[in-house]
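See structure below.
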Protein chains: 2
Amino acid sequence: MERITPRTLSGFMELLPASQAQMDAVMDVLRRTYALYGFSSIDTPAVEAAEVLLAKGGGETEKQIYRFARGDSDLALRFDLTVPLAKYVAMNYGRLTFPFRRYQIGKVYRGERAQRGRFREFYQADIDVIGDGKLDIANDAEMPAVICEVFRRLGLERFCIRINSRKVLNGLFEYLGVPDPVNVMGAVDKLEKIGRDKVAALLTDLGMAPGQAAELLDILSAPDPMGALEPLAGKCPALAEGLAELKAVTDLLPGLGVPDDKWRVDLTIARGLDYYTGTVYETQLLDYPEVGSVCSGGRYDDLAGYYTDKKLPGVGLSIGVTRLFYILQEQGLLNEALSTAPCDALVIPLGDDPAYAVRCAAVLRAAGVRTQVYTEKRKVKAKFAYADKLAIPYAVVVGSDEEAAGTVGLKDLRSGSQTAVTADAAAALILDSLKDPARPVKEKEI
Amino acid sequence: MERITPRTLSGFMELLPASQAQMDAVMDVLRRTYALYGFSSIDTPAVEAAEVLLAKGGGETEKQIYRFARGDSDLALRFDLTVPLAKYVAMNYGRLTFPFRRYQIGKVYRGERAQRGRFREFYQADIDVIGDGKLDIANDAEMPAVICEVFRRLGLERFCIRINSRKVLNGLFEYLGVPDPVNVMGAVDKLEKIGRDKVAALLTDLGMAPGQAAELLDILSAPDPMGALEPLAGKCPALAEGLAELKAVTDLLPGLGVPDDKWRVDLTIARGLDYYTGTVYETQLLDYPEVGSVCSGGRYDDLAGYYTDKKLPGVGLSIGVTRLFYILQEQGLLNEALSTAPCDALVIPLGDDPAYAVRCAAVLRAAGVRTQVYTEKRKVKAKFAYADKLAIPYAVVVGSDEEAAGTVGLKDLRSGSQTAVTADAAAALILDSLKDPARPVKEKEI
């Protein structure tokens, strides 16, 4: 037979089973935490009509999208979960209850240039709250609370959520009489990346006087940015409105359980140039600033204007799960205390007849123990080696003596200790030892 | 703005949130049950090199596959999870531990003609056990046990797993001196669909004498098929070997917890013509025979011969989840007692300040109650109407009186009863009432 070399495309993550178990644990935290905050899950197709996905237009998107014809159909793979959400809400407007809170975790596709740590197929995990006509600012405060809880449950502690408001920035630009607010916002967004001097140069290129640019940069970099803006707010209603919203958001954070050291107002983040209209978020891993934001989002006035005349304001955030997982793996932050074994117990028949082993396994499974029976006819040593290789924590050894006594030999493969107990008792012991599973991430000692 | 009509492609399932909650419950049963039997999850890309996916060749597949070029790459969407498994095992052979037990639940793509109940994007949920060189027959017995447990946990009771062995069929054909075994097997596979007379005609067309065809059909349709084969086995070693395997499988089923009324040997099922080499399975919903098998699989000698010279025998099965869900929905079998609400408790602030509400919600969530705060500034009646529309079971009502007393008004929205308790006590009461969630399926009364 002529053979084809098996391979996986570059830029497409495919994990070995133990790593996949770690990824699954991360996904599980995301799903559970999103659900805990009352978000409904939805699942939209990975393939859509290209016309629908590209309704909004846009340069980078159009270049990166996987688009293809089938028969008369012009199809494409989704490149994010926001456009499919807009389609879904516009299509189902009359059948949804607003505010509509949805989460979606799914694969998206971007034909980027392949490079280490960049993926062409990757998971996004999004939450959004969509209002019908209007949406209260309290929803903007909930977003950092959800991020914070997700990271805490993952085991990540060393992060900071940066919060800003584009209304505040626009108000400030108006107050200062900035000549080209759209491009000034773009320049400001680069402050962390290229530094104050280069941004100042960009700002003067955009027509700002050097003194005006310095004043803007002083305010943006103030240690207490909201305090610095307060005296100016009285002189500019747009700034006052933005500041009131930002204050409403930050005032709610303690009650929502977001500790003070996990967030800060940062007037320099702006999140690209279109789409967002109010609160914006970025999240940094403190020890890995170079990886950029691992969870971003914000408030928008109009989710689906290119599909419907209904005004649908919303606020949301997105975690790039594949990239986050890649970083955790690369940095050695994944917790080796998290079990990645395919099962909790391997039932090992000492002889060749699996009948009693199979019955014991049924008892273990009924109690909730993830159980495999080793059914291959090999030497007992090989059977234990299998458990060892897969880091299975318990062996349940059964031979004719055990069958006669109605017991099993429960062996803790980490400690080596063995006891003769009933299968029911073995199940209880195993479940008890596994009842506090480790979190997916262990952060390095500082 | 020019508007695009939002639409979802025909043949692509997209559910409203309450239906999605039912689908999620089905998926959750699948994942948990597969894990309970010690299967590891893997996740392979939806996009692969076309050359890799089509390594095996095959007519229908090649016609239905979504294939497209990007730059120099010839790409395709996967059309099943078996070919990606073969690729994965062949690629990672040295890094896997055998027997390798994997489950995978993922979307696959087939450009079939669109018709009601047929999907172009659909979920498959597969399990397979792959041996290195050989694999014990006991694994073949475990497959029906897994199906049975999946269906029991879903709430489906009226099903039957049909088990056969292609070795038995081939042995029987050899014993009878059947002229064209491959096509005879294809004819036999149609017995249920087209009836005995038409199959008899096909068999004579294939060169069988009418008496020989009648003898074959008598054996295949015998009420006790294994009993009918027993006396013939001594005269044909191939048949004896097949029968011994089939007996080994069926003998283990009671110990594996598969009740007698949930399976039977059916010599007429053959599962297509290539690929499978031993045990085969089909699963029928007894009340809906017209929908065909909802869970099928079997034993194969060689998973990945088109990628590797390693001999990798295996046994597996696949559930077409999207189609199964569609059938359950169409037949009214989904359980309305299963909660499809986005949360367990809606915290309703009586006034406009959400601060106390948000603190109470944090207490509820910390205890594990899925909680939303209703933060829109609307009349109290509208807030309750929201809970009602979404079938949220509990309202947690908080006003200034409750804040002063450090309590909440816990209202059971199904019974209408309300009590004043602390947020902690409310959490405990809610969790207790939700501790036995309904199964996804309710079968009709017979």
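Residue numbers start at 1 in each chain; chains themselves are named A, B, ... in the order of the structure tokens; ligands are numbered from 1 in the order shown.
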Test item: residues at most 7 Å from Gly297 in chain B, only C-alpha atoms, excluding those fewer than 6 positions along its chain, as an mmCIF file with N, CA and C atoms, in the first residue's frame:
data_model
loop_
_atom_site.group_PDB
_atom_site.id
_atom_site.type_symbol
_atom_site.label_atom_id
_atom_site.label_comp_id
_atom_site.auth_asym_id
_atom_site.auth_seq_id
_atom_site.Cartn_x
_atom_site.Cartn_y
_atom_site.Cartn_z
ATOM 1 N N VAL B 280 -19.495 -6.251 15.156
ATOM 2 C CA VAL B 280 -20.131 -4.996 14.718
ATOM 3 C C VAL B 280 -21.367 -4.728 15.585
ATOM 4 N N TYR B 281 -21.685 -3.433 15.711
ATOM 5 C CA TYR B 281 -22.815 -3.012 16.560
ATOM 6 C C TYR B 281 -23.699 -2.023 15.808
ATOM 7 N N GLU B 282 -24.982 -2.125 16.067
ATOM 8 C CA GLU B 282 -25.933 -1.076 15.703
ATOM 9 C C GLU B 282 -26.874 -0.903 16.885
ATOM 10 N N GLY B 316 -14.397 0.335 18.188
ATOM 11 C CA GLY B 316 -14.937 1.633 18.565
ATOM 12 C C GLY B 316 -16.388 1.780 18.193
ATOM 13 N N LEU B 317 -16.929 2.886 18.610
ATOM 14 C CA LEU B 317 -18.298 3.202 18.216
ATOM 15 C C LEU B 317 -18.471 4.705 18.153
ATOM 16 N N SER B 318 -19.525 5.105 17.481
ATOM 17 C CA SER B 318 -19.748 6.509 17.210
ATOM 18 C C SER B 318 -21.226 6.840 17.381
#
Exercise. Just need the residues of chain A within 6 Å of chain B, counting only C-alpha atoms, so spit them out as JSON, numbers by chain.
Key: {"A": [3, 4, 5, 6, 14, 36, 37, 38, 39, 40, 44, 68, 87, 91, 136, 255, 256, 306, 307, 342, 343, 358, 359, 370, 371, 372, 376]}
Residue selection dump (C-alpha atoms) as a compact mmCIF listing (two decimals), in the first residue's frame:
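Output saved as again02.txt:
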# COMPACT_ATOMS: atom_id res chain seq x y z
CA ARG A 3 1.53 5.41 2.40
CA ILE A 4 0.79 9.06 3.10
CA THR A 5 2.86 10.77 5.79
CA PRO A 6 0.51 11.64 8.64
CA GLU A 14 -3.08 19.18 18.63
CA LEU A 36 -21.99 30.58 37.49
CA TYR A 37 -22.58 34.17 36.38
CA GLY A 38 -25.77 33.26 34.57
CA PHE A 39 -24.55 33.18 30.99
CA SER A 40 -26.34 30.80 28.59
CA THR A 44 -23.06 28.62 16.15
CA PHE A 68 -14.10 28.95 -0.23
CA LYS A 87 -25.99 37.36 13.39
CA MET A 91 -31.90 36.65 13.47
CA ASP A 136 -27.08 49.41 32.43
CA GLY A 255 -18.85 44.28 46.24
CA LEU A 256 -18.40 42.01 43.21
CA TYR A 306 -25.01 45.76 9.68
CA TYR A 307 -27.84 43.18 10.05
CA PRO A 342 -7.24 8.60 31.71
CA CYS A 343 -8.83 7.01 34.77
CA VAL A 358 -15.40 -6.50 34.99
CA ARG A 359 -17.95 -6.86 37.80
CA ARG A 370 -13.34 6.59 36.40
CA THR A 371 -12.32 3.01 35.83
CA GLN A 372 -10.58 0.93 33.20
CA GLU A 376 -4.95 -7.61 27.60
Practice problem: Have a look at B:Asp218, B:Asp388, B:Asp436, B:Asp424 and name the one nearest to Asp412 in chain B; count only C-alpha atoms. | Solution: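 Among the listed residues, B:Asp388 lies closest to Asp412 in chain B.
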Quiz item: Near Pro440 in chain A, within 8 Å and counting only C-alpha atoms, which residues show up once chain neighbours fewer than 4 positions away are dropped, as a ChimeraX atom specification?
Solution: /A:22,25-26,154-155,334-335,338
Practice problem: Considering only C-alpha atoms, state which residue in the set B:Val188, B:Ala420, B:Val83, B:Leu246 is at the smallest distance from Tyr275 in chain B. | Solution: B:Val83
Self-check item: Residues flagged strand (DSSP E or B) by DSSP in range 242-362 of chain B, as a count of residues only
Solution: 32
How would you write, as a short mmCIF file (atom, residue, chain, number, x, y, z; two decimals) with C-alpha atoms, in the first residue's frame, the set of residues in range 4-54 of chain A that DSSP gives as helix (DSSP H, G or I)?
data_model
loop_
_atom_site.label_atom_id
_atom_site.label_comp_id
_atom_site.auth_asym_id
_atom_site.auth_seq_id
_atom_site.Cartn_x
_atom_site.Cartn_y
_atom_site.Cartn_z
CA PRO A 17 -3.59 13.07 25.89
CA ALA A 18 -1.95 14.31 29.12
CA SER A 19 -1.73 17.88 27.79
CA GLN A 20 -5.25 17.61 26.47
CA ALA A 21 -6.41 16.72 29.99
CA GLN A 22 -4.83 19.97 31.21
CA MET A 23 -6.53 21.90 28.39
CA ASP A 24 -9.86 20.22 29.24
CA ALA A 25 -9.44 21.30 32.87
CA VAL A 26 -8.93 24.91 31.72
CA MET A 27 -12.00 24.70 29.46
CA ASP A 28 -14.02 23.23 32.28
CA VAL A 29 -13.15 26.17 34.56
CA LEU A 30 -14.22 28.58 31.82
CA ARG A 31 -17.54 26.85 31.21
CA ARG A 32 -18.40 26.51 34.88
CA THR A 33 -17.43 30.06 35.78
CA TYR A 34 -19.34 31.59 32.88
CA ALA A 35 -22.38 29.51 33.84
CA LEU A 36 -21.99 30.58 37.49
CA ALA A 50 -19.06 34.67 3.51
CA GLU A 51 -21.43 37.56 2.85
CA VAL A 52 -22.79 37.25 6.40
CA LEU A 53 -19.38 36.99 8.09
#
Quiz prompt | Nearest to Ser296 in chain A, chosen from A:Val108, A:Met143, A:Val408, A:Val129, with only C-alpha atoms counted in the distances | solution = A:Met143
Practice problem: Rounded to one decimal place, report the CA of Leu202 in chain A-CA of Leu220 in chain A distance in Å. | Solution: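 Taking CA of Leu202 in chain A and CA of Leu220 in chain A, their separation equals 15.4 Å.
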